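Structure below is start-v3.txt: compact mmCIF, C-alpha atoms.
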# COMPACT_ATOMS: atom_id res chain seq x y z
CA MET E 1 0.00 0.00 0.00
CA LYS E 2 1.50 3.35 -1.07
CA VAL E 3 0.24 6.59 0.46
CA ALA E 4 1.23 10.13 -0.51
CA PHE E 5 0.73 12.80 2.13
CA PHE E 6 -0.05 16.05 0.28
CA ILE E 7 0.76 19.34 1.99
CA GLY E 8 1.43 22.97 1.06
CA THR E 9 4.31 24.81 2.73
CA LEU E 10 6.71 23.10 5.13
CA ASN E 11 6.20 25.70 7.88
CA ARG E 12 5.88 24.82 11.56
CA GLY E 13 2.34 24.00 12.62
CA GLY E 14 0.24 21.23 14.12
CA ALA E 15 -0.27 19.35 10.85
CA GLU E 16 3.39 19.60 9.93
CA THR E 17 4.55 18.40 13.35
CA LEU E 18 2.15 15.46 13.11
CA LEU E 19 3.51 14.49 9.69
CA THR E 20 7.15 14.61 10.80
CA ASP E 21 6.26 12.43 13.78
CA ILE E 22 4.70 9.92 11.36
CA PHE E 23 7.64 10.11 8.97
CA ASN E 24 10.13 9.53 11.77
CA GLN E 25 8.45 6.13 12.21
CA ALA E 26 9.02 5.31 8.53
CA LYS E 27 10.70 1.95 9.14
CA GLU E 28 7.80 0.77 11.31
CA LEU E 29 4.97 2.12 9.15
CA PRO E 30 2.51 -0.56 7.95
CA PHE E 31 2.30 1.29 4.61
CA GLU E 32 4.77 2.97 2.25
CA ALA E 33 4.75 6.76 2.69
CA THR E 34 5.71 9.59 0.35
CA CYS E 35 5.32 13.33 0.90
CA ILE E 36 4.29 15.71 -1.89
CA TYR E 37 4.58 19.40 -1.06
CA ARG E 38 4.48 22.76 -2.83
CA ARG E 39 6.91 25.07 -1.01
CA GLU E 40 9.84 24.89 1.41
CA GLY E 41 9.49 26.43 4.88
CA ASN E 42 11.01 26.72 8.35
CA MET E 43 10.48 22.98 8.95
CA SER E 44 12.09 21.86 5.69
CA SER E 45 15.22 20.51 7.37
CA THR E 46 13.08 18.46 9.78
CA PHE E 47 11.07 16.96 6.93
CA HIS E 48 14.11 16.21 4.80
CA SER E 49 15.92 14.57 7.71
CA THR E 50 13.32 11.79 7.77
CA SER E 51 13.69 8.76 5.49
CA VAL E 52 10.36 9.41 3.74
CA PRO E 53 10.80 10.56 0.09
CA MET E 54 10.05 14.29 -0.26
CA ILE E 55 8.78 15.40 -3.69
CA GLN E 56 8.30 19.09 -4.42
CA LEU E 57 5.87 20.29 -7.08
CA SER E 58 6.16 24.06 -7.41
CA GLU E 59 4.52 24.83 -10.74
CA LYS E 60 2.88 28.30 -10.61
CA ASN E 61 0.44 27.52 -13.39
CA TRP E 62 -2.36 25.55 -11.67
CA VAL E 63 -3.37 23.68 -14.82
CA LEU E 64 0.18 22.46 -15.27
CA PHE E 65 0.45 21.73 -11.55
CA CYS E 66 -2.61 19.47 -11.66
CA PHE E 67 -1.25 17.71 -14.75
CA ARG E 68 2.15 17.14 -13.09
CA LEU E 69 0.51 15.87 -9.89
CA ARG E 70 -1.60 13.42 -11.87
CA GLN E 71 1.45 12.14 -13.76
CA LEU E 72 3.49 11.85 -10.56
CA VAL E 73 0.84 9.86 -8.70
CA LYS E 74 0.45 7.45 -11.64
CA LYS E 75 4.22 7.06 -12.06
CA GLU E 76 4.74 6.32 -8.34
CA ASN E 77 1.79 3.87 -8.24
CA ILE E 78 0.25 5.77 -5.34
CA GLN E 79 -3.08 4.34 -4.22
CA ILE E 80 -4.12 6.95 -1.67
CA VAL E 81 -3.44 10.69 -1.57
CA HIS E 82 -3.93 12.01 1.96
CA ALA E 83 -4.48 15.77 1.72
CA GLN E 84 -3.71 17.75 4.87
CA SER E 85 -6.15 20.58 4.17
CA ALA E 86 -9.34 21.16 2.23
CA PHE E 87 -7.45 23.32 -0.28
CA ASN E 88 -4.99 20.52 -1.02
CA ALA E 89 -7.92 18.09 -1.23
CA VAL E 90 -9.56 20.20 -3.95
CA ILE E 91 -6.31 20.21 -5.94
CA ALA E 92 -5.99 16.42 -5.57
CA ILE E 93 -9.65 15.79 -6.47
CA ILE E 94 -9.38 17.84 -9.66
CA SER E 95 -5.97 16.42 -10.58
CA LEU E 96 -6.97 12.78 -10.08
CA ALA E 97 -10.47 12.85 -11.51
CA PHE E 98 -11.45 9.62 -13.32
CA THR E 99 -8.60 7.63 -11.77
CA LYS E 100 -8.80 4.87 -9.17
CA VAL E 101 -6.69 6.86 -6.69
CA ARG E 102 -8.55 7.47 -3.43
CA ILE E 103 -8.48 10.87 -1.69
CA VAL E 104 -8.46 11.17 2.09
CA THR E 105 -8.79 14.65 3.59
CA THR E 106 -7.78 15.67 7.09
CA LEU E 107 -9.37 18.88 8.36
CA HIS E 108 -7.15 20.32 11.09
CA GLY E 109 -9.54 23.17 11.90
CA VAL E 110 -13.16 24.26 11.50
CA GLY E 111 -12.46 27.14 9.10
CA PHE E 112 -13.63 25.12 6.09
CA SER E 113 -17.16 25.09 7.53
CA THR E 114 -17.60 28.64 6.15
CA ALA E 115 -16.15 27.86 2.71
CA ASN E 116 -17.83 28.29 -0.67
CA ILE E 117 -20.59 25.70 -1.17
CA PHE E 118 -18.93 24.44 -4.38
CA TYR E 119 -15.66 23.69 -2.57
CA LYS E 120 -17.56 22.00 0.25
CA TYR E 121 -19.38 19.82 -2.25
CA LEU E 122 -16.12 18.74 -3.89
CA VAL E 123 -14.41 17.85 -0.61
CA TYR E 124 -17.44 16.29 1.08
CA HIS E 125 -18.48 14.13 -1.88
CA TYR E 126 -15.19 13.24 -3.58
CA SER E 127 -13.06 12.45 -0.55
CA SER E 128 -13.27 8.77 0.31
CA ARG E 129 -13.04 9.76 3.97
CA ILE E 130 -12.76 13.06 5.84
CA VAL E 131 -10.65 12.79 8.97
CA CYS E 132 -11.39 14.99 11.97
CA VAL E 133 -9.04 15.11 14.97
CA SER E 134 -11.78 15.17 17.62
CA GLU E 135 -15.45 14.28 18.06
CA TRP E 136 -16.16 17.96 18.64
CA GLU E 137 -14.69 18.87 15.25
CA ARG E 138 -16.65 16.12 13.51
CA ALA E 139 -19.86 17.39 15.08
CA CYS E 140 -19.15 20.88 13.71
CA TYR E 141 -18.89 19.53 10.17
CA THR E 142 -21.57 16.85 10.19
CA MET E 143 -24.15 19.45 11.25
CA GLN E 144 -23.88 20.87 7.72
CA ALA E 145 -23.17 17.67 5.78
CA SER E 146 -25.97 15.88 3.96
CA GLY E 147 -26.71 12.70 2.09
CA GLY E 148 -23.86 10.28 1.51
CA ALA E 149 -21.27 12.78 2.80
CA PHE E 150 -22.42 12.39 6.39
CA GLY E 151 -20.92 8.92 6.78
CA ARG E 152 -17.55 9.93 5.31
CA PHE E 153 -16.48 11.80 8.44
CA VAL E 154 -14.30 9.80 10.84
CA VAL E 155 -12.31 10.69 13.94
CA ILE E 156 -8.64 9.85 14.35
CA PRO E 157 -7.16 11.87 17.25
CA ASN E 158 -3.80 13.51 16.70
CA GLY E 159 -0.77 11.50 17.73
CA ILE E 160 2.51 12.67 19.24
CA ASN E 161 5.93 11.06 19.31
CA PHE E 162 6.43 11.21 23.06
CA SER E 163 9.95 9.83 22.84
CA LYS E 164 11.00 13.46 22.27
CA PHE E 165 9.68 14.43 25.69
CA GLY E 166 11.11 13.87 29.13
CA TYR E 167 9.32 14.60 32.38
CA ALA E 168 8.96 17.82 34.36
CA ARG E 169 11.55 18.74 36.98
CA LEU E 170 10.96 18.30 40.71
CA PRO E 171 8.16 20.45 42.19
CA VAL E 172 9.11 24.03 42.99
CA LYS E 173 9.28 24.73 46.72
CA GLU E 174 7.29 27.46 48.42
CA GLY E 175 9.06 30.80 48.07
CA GLU E 176 10.92 29.83 44.90
CA THR E 177 10.18 31.48 41.57
CA ILE E 178 7.57 29.51 39.58
CA ARG E 179 8.37 28.91 35.90
CA MET E 180 5.34 28.69 33.60
CA CYS E 181 4.64 28.85 29.88
CA MET E 182 2.11 28.79 27.07
CA VAL E 183 2.94 27.35 23.63
CA GLY E 184 1.17 28.79 20.60
CA ASN E 185 1.65 31.38 17.87
CA PHE E 186 0.02 34.79 18.25
CA VAL E 187 -3.05 34.22 16.09
CA PRO E 188 -6.75 35.11 16.49
CA GLU E 189 -7.58 31.60 17.74
CA LYS E 190 -5.29 31.92 20.78
CA ASP E 191 -5.79 34.28 23.73
CA GLN E 192 -2.39 35.25 25.11
CA TYR E 193 -3.81 38.61 26.15
CA PHE E 194 -6.03 36.92 28.74
CA ILE E 195 -2.96 35.15 30.11
CA CYS E 196 -1.20 38.53 30.43
CA CYS E 197 -4.14 39.82 32.48
CA PHE E 198 -3.95 36.75 34.70
CA LEU E 199 -0.21 37.23 35.22
CA LYS E 200 -0.70 40.86 36.23
CA GLU E 201 -3.16 39.64 38.86
CA LEU E 202 -0.59 37.09 40.07
CA LYS E 203 2.07 39.78 40.36
CA ASP E 204 -0.29 42.10 42.25
CA ARG E 205 -0.85 39.25 44.73
CA GLY E 206 2.89 38.96 45.34
CA CYS E 207 3.53 35.69 43.45
CA CYS E 208 7.12 35.29 42.18
CA PHE E 209 7.14 33.83 38.67
CA ASP E 210 8.75 33.77 35.24
CA PHE E 211 6.35 33.19 32.36
CA TYR E 212 7.40 32.28 28.82
CA PHE E 213 5.28 32.76 25.71
CA ILE E 214 6.60 30.22 23.18
CA GLY E 215 5.29 31.11 19.74
CA ARG E 216 5.94 33.51 16.94
CA GLU E 217 4.43 36.75 15.76
CA ILE E 218 2.47 36.24 12.53
CA PRO E 219 2.90 39.12 10.04
CA SER E 220 -0.72 38.99 8.86
CA CYS E 221 -2.09 39.47 12.40
CA LYS E 222 0.77 41.08 14.30
CA GLN E 223 -1.65 43.10 16.45
CA TYR E 224 -2.22 40.06 18.68
CA TYR E 225 1.48 39.96 19.50
CA TYR E 226 1.92 43.68 20.06
CA GLU E 227 -1.12 44.13 22.28
CA CYS E 228 0.48 41.61 24.65
CA VAL E 229 3.90 43.27 24.45
CA ASN E 230 2.38 46.71 25.05
CA TYR E 231 0.28 45.44 27.96
CA CYS E 232 3.37 44.00 29.64
CA GLU E 233 5.32 47.23 29.18
CA LYS E 234 2.45 49.35 30.49
CA ASN E 235 1.99 47.17 33.59
CA GLY E 236 5.62 46.61 34.49
CA LEU E 237 5.67 42.92 33.59
CA ASN E 238 8.73 42.86 31.34
CA GLU E 239 10.99 41.33 33.99
CA CYS E 240 8.74 38.34 34.59
CA ILE E 241 7.11 37.77 31.18
CA HIS E 242 9.33 36.66 28.30
CA PHE E 243 8.49 36.37 24.59
CA LEU E 244 10.69 33.61 23.16
CA GLY E 245 9.29 33.44 19.63
CA ALA E 246 9.34 30.15 17.72
CA CYS E 247 11.53 27.55 19.45
CA GLU E 248 12.96 24.27 18.21
CA ASN E 249 13.50 22.92 21.75
CA VAL E 250 9.93 22.94 23.09
CA PRO E 251 10.26 19.47 24.74
CA THR E 252 13.30 20.67 26.70
CA LEU E 253 11.59 23.92 27.70
CA LEU E 254 8.46 22.10 28.91
CA ALA E 255 10.51 19.78 31.10
CA ASP E 256 12.02 22.83 32.81
CA MET E 257 8.64 24.37 33.74
CA ASP E 258 6.49 24.09 36.86
CA ALA E 259 3.07 24.68 35.26
CA PHE E 260 1.42 25.19 31.88
CA ILE E 261 -1.26 27.87 31.45
CA TYR E 262 -3.27 27.98 28.22
CA SER E 263 -6.11 30.04 26.83
CA SER E 264 -7.71 29.55 23.43
CA LYS E 265 -10.74 30.93 21.62
CA SER E 266 -10.99 28.03 19.16
CA GLU E 267 -9.38 24.59 19.11
CA THR E 268 -9.96 21.28 17.35
CA PHE E 269 -7.59 19.19 19.47
CA GLY E 270 -4.82 21.06 21.29
CA ILE E 271 -1.43 19.49 20.64
CA ALA E 272 0.45 21.94 22.88
CA PRO E 273 -1.66 21.17 26.01
CA VAL E 274 -1.38 17.42 25.35
CA GLU E 275 2.40 17.73 25.16
CA ALA E 276 2.42 19.64 28.47
CA MET E 277 0.27 17.01 30.16
CA ALA E 278 2.51 14.26 28.77
CA VAL E 279 5.52 15.90 30.40
CA GLY E 280 3.73 15.76 33.76
CA LEU E 281 3.06 19.48 34.16
CA PRO E 282 0.06 20.73 36.12
CA THR E 283 -1.92 22.06 33.16
CA PHE E 284 -4.61 24.78 33.26
CA LEU E 285 -6.95 25.01 30.25
CA ASN E 286 -10.04 27.08 29.54
CA ASP E 287 -13.22 25.04 29.36
CA LEU E 288 -13.74 24.73 25.61
CA GLU E 289 -15.87 21.71 24.74
CA VAL E 290 -12.98 20.06 22.91
CA PHE E 291 -10.78 20.30 26.02
CA TYR E 292 -13.42 18.42 28.00
CA GLU E 293 -13.13 15.69 25.37
CA VAL E 294 -9.33 15.60 25.20
CA THR E 295 -8.88 15.69 29.00
CA ARG E 296 -11.58 13.09 29.66
CA GLN E 297 -14.04 15.55 31.18
CA GLY E 298 -11.33 17.47 33.03
CA GLN E 299 -9.78 14.43 34.74
CA LEU E 300 -6.37 14.98 33.12
CA ALA E 301 -6.05 18.76 33.52
CA VAL E 302 -7.50 21.70 35.44
CA LEU E 303 -10.28 23.40 33.47
CA TYR E 304 -11.27 26.98 34.27
CA LYS E 305 -14.12 29.08 32.94
CA THR E 306 -13.27 30.66 29.57
CA GLY E 307 -12.52 34.34 30.17
CA GLY E 308 -12.97 33.76 33.90
CA LEU E 309 -10.03 35.58 35.45
CA LEU E 310 -11.22 35.06 39.02
CA ASP E 311 -11.93 31.38 38.38
CA LEU E 312 -8.40 30.80 37.04
CA CYS E 313 -6.91 32.76 39.95
CA SER E 314 -8.90 30.65 42.42
CA LYS E 315 -7.77 27.38 40.84
CA PHE E 316 -4.17 28.58 40.66
CA ASP E 317 -4.27 29.60 44.34
CA ASP E 318 -5.29 26.04 45.17
CA PHE E 319 -2.33 24.79 43.14
CA LEU E 320 0.02 27.04 45.11
CA LEU E 321 -1.33 25.69 48.38
CA ASN E 322 -1.23 22.02 47.33
CA ARG E 323 1.68 21.77 44.93
CA GLN E 324 2.82 18.25 45.73
CA GLU E 325 -0.69 16.89 45.28
CA TYR E 326 -0.95 18.58 41.87
CA TYR E 327 2.44 17.27 40.74
CA ASN E 328 1.62 13.73 41.83
CA LYS E 329 -1.63 13.81 39.89
CA ALA E 330 0.02 15.39 36.84
CA LEU E 331 2.66 12.66 36.76
CA SER E 332 -0.03 9.97 36.94
CA ASN E 333 -1.99 11.73 34.18
CA SER E 334 1.09 11.85 31.95
CA VAL E 335 1.05 8.06 31.70
CA LYS E 336 -2.59 8.09 30.55
CA ILE E 337 -1.97 10.89 28.04
CA ARG E 338 0.99 9.09 26.48
CA ASP E 339 -1.15 6.01 26.05
CA LEU E 340 -4.17 7.83 24.61
CA TYR E 341 -2.40 10.06 22.10
CA SER E 342 0.70 8.15 21.04
CA ILE E 343 1.89 8.42 17.44
CA THR E 344 1.56 4.62 17.22
CA ASN E 345 -2.17 4.83 17.94
CA HIS E 346 -2.54 7.51 15.29
CA ILE E 347 -0.66 5.48 12.67
CA ASN E 348 -2.73 2.38 13.44
CA GLY E 349 -5.88 4.45 13.02
CA LEU E 350 -4.69 5.67 9.61
CA PHE E 351 -3.77 2.16 8.49
CA SER E 352 -7.16 0.76 9.48
CA LEU E 353 -8.83 3.58 7.56
CA TYR E 354 -6.71 3.00 4.45
CA LEU E 355 -7.47 -0.74 4.50
CA GLN E 356 -11.18 0.00 4.77
CA ILE E 357 -11.04 2.38 1.83
CA LEU E 358 -9.10 0.06 -0.46
CA SER E 359 -11.23 -2.96 0.36

In structure tokens, what does this structure look like?
Amino acid sequence: MKVAFFIGTLNRGGAETLLTDIFNQAKELPFEATCIYRREGNMSSTFHSTSVPMIQLSEKNWVLFCFRLRQLVKKENIQIVHAQSAFNAVIAIISLAFTKVRIVTTLHGVGFSTANIFYKYLVYHYSSRIVCVSEWERACYTMQASGGAFGRFVVIPNGINFSKFGYARLPVKEGETIRMCMVGNFVPEKDQYFICCFLKELKDRGCCFDFYFIGREIPSCKQYYYECVNYCEKNGLNECIHFLGACENVPTLLADMDAFIYSSKSETFGIAPVEAMAVGLPTFLNDLEVFYEVTRQGQLAVLYKTGGLLDLCSKFDDFLLNRQEYYNKALSNSVKIRDLYSITNHINGLFSLYLQILS
């Protein structure tokens, strides 16, 4: 069985990290994998360091691009093209029309739910299966699906290669500076500004901490980054809040933290929180419906009311008073998280889906 994963630019993101984790298991994969991509990016070296063949198609003329993709897939005897976005799925569907090649589409977000009805029809009706990363995400899409498309949606939770991650350091003692972080780029879907407000409240209460925002400023929406920077400058938080930008060593940074604080406006899975929980960090998440699902109804993390500053402060105060209890529970939870969301489970889910499609 030969599968081509089809992606756009090799820039750092959840889908790209997932693919490199899959590709790093190339020798153990139950299928033969190839990667077709359009442009290089800041994760190119990571992709090319895997043993999975990387094939770039960079034709600017879309008609020629579709023709070249069709010829490539036929030449390589690829049976399944697994598109990593709806846009890539549309390209694959048009390129491979009237062939026996099956298209699988993974939707890593809910943005496609507002797409043009023609594009929706193409993806919903000409993808053999549409993979969602959580039950919550599938529910968002199946509400608008109809007819035969409804049964094409399946759930395969994201997987993570936890061998990259160690475990959190020993619990911080009372009186010592607490090290905390949030991982995520400054985009509309994240809410780093709320975290800044929470940290100001912590400082006003006399808590000693260092907080690290791990994630980059995005040129198209740089206001989300600068409103946080300006807030910190205005409120005298520059000495205790640090903006690290994009980091290659996230696993190492997580293992050196004492807690993980996260706030999001929209999420389909939440790779960054899962990684934090896997490290054994006490993890605080806002109560989005998808986080209830991922954390098994809040058993594996501390959920606070979305936008509820006082609720988060109250829960964090309890953490400060009962640190050892929180660390013991977080370490126990890390075992469950690593079992639930391992890259092996994800790969097995993909393989079962591919077998079903080809049979």

Using the file's own x, y and z axes, so that the box edges lie along x, y and z, what centre and edge lengths in Å (one decimal) does a box around every listed atom of range 149-165 of chain E get when 4 Å is added on each side? Give it as JSON.
{"center_x": -5.7, "center_y": 11.7, "center_z": 14.2, "size_x": 41.4, "size_y": 13.5, "size_z": 30.9}

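Interatomic distance, CA of Arg338 in chain E to CA of Gly298 in chain E: 16.3 Å.
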
For this session: Taking the point (10.3, 15.4, 2.2) as given in the file, collect each protein or nucleic acid residue that comes within 10 Å of it, counting only C-alpha atoms, and present the set as number ranges by chain.
Result: E: 5, 10, 20, 23, 34-37, 40, 44-56

For the contact check between range 185-283 of chain E and range 306-311 of chain E, emit one row per residue of range 185-283 of chain E within 12 Å, containing the shortest atom pair and the distance in Å rounded to one decimal, counting all atoms listed in the file, chain then rising number order, as CSV.
residue,atom,partner,partner_atom,distance
E:Lys190,CA,E:Thr306,CA,11.9
E:Asp191,CA,E:Gly307,CA,9.3
E:Gln192,CA,E:Gly307,CA,11.4
E:Tyr193,CA,E:Gly307,CA,10.5
E:Phe194,CA,E:Gly307,CA,7.1
E:Ile195,CA,E:Leu309,CA,8.9
E:Cys196,CA,E:Leu309,CA,10.6
E:Cys197,CA,E:Leu309,CA,7.8
E:Phe198,CA,E:Leu309,CA,6.2
E:Leu199,CA,E:Leu309,CA,10.0
E:Lys200,CA,E:Leu309,CA,10.7
E:Glu201,CA,E:Leu309,CA,8.7
E:Leu202,CA,E:Leu309,CA,10.6
E:Tyr262,CA,E:Thr306,CA,10.4
E:Ser263,CA,E:Thr306,CA,7.7
E:Ser264,CA,E:Thr306,CA,8.4
E:Lys265,CA,E:Thr306,CA,8.3
E:Ser266,CA,E:Thr306,CA,11.0

Exercise. Do you know which residues are at most 9 Å from Ile214 in chain E counting only C-alpha atoms, after dropping those on the same chain fewer than 2 positions away, and could you put them as a PyMOL selection string?
Worked result: chain E and resi 181-185+212+216+242-247+250

Exercise. For Asp318 in chain E, which residue among E:Phe186, E:Phe87, E:Ile357, E:Val302 is the nearest when counting all atoms listed in the file?
Worked result: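 Nearest candidate to Asp318 in chain E out of E:Phe186, E:Phe87, E:Ile357, E:Val302: E:Val302.
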
For this session: Counting all atoms listed in the file, figure out which residue out of E:Ser334, E:Ser220, E:Thr268, E:Asn322 gets nearest to Thr283 in chain E.
Result: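 Among the listed residues, E:Ser334 lies closest to Thr283 in chain E.
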
Problem set entry | Gap from CA of Ala301 in chain E to CA of Cys313 in chain E - Å, one decimal | 15.4 Å

For this session: Please provide as a list of chain:residue names all residues within 12 Å of Lys75 in chain E, with the sequence filter that same-chain residues fewer than 6 positions apart are discarded (counting only C-alpha atoms).
Result: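 Returned residues: E:Lys2, E:Arg68, E:Leu69.
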
Selection from above, C-alpha atoms, as a compact mmCIF listing (two decimals), keeping the file's coordinate frame, can you write it?
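Written file, again27.txt:
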# COMPACT_ATOMS: atom_id res chain seq x y z
CA LYS E 2 1.50 3.35 -1.07
CA ARG E 68 2.15 17.14 -13.09
CA LEU E 69 0.51 15.87 -9.89

Exercise. Looking at E:Ala4, E:Ala168, E:Cys66, E:Ile343, which one is nearest to Val101 in chain E, with distances taken over all atoms listed in the file?
Worked result: E:Ala4

Exercise. In Å, how far is it from CA of Tyr304 in chain E to CA of Leu285 in chain E?
Worked result: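 These two atoms are separated by 6.2 Å.
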
Seminar exercise, completed: In terms of all atoms listed in the file, the residue from E:Gly270, E:Gly280, E:Gly206, E:Gly159 at minimal distance from Gly175 in chain E is E:Gly206
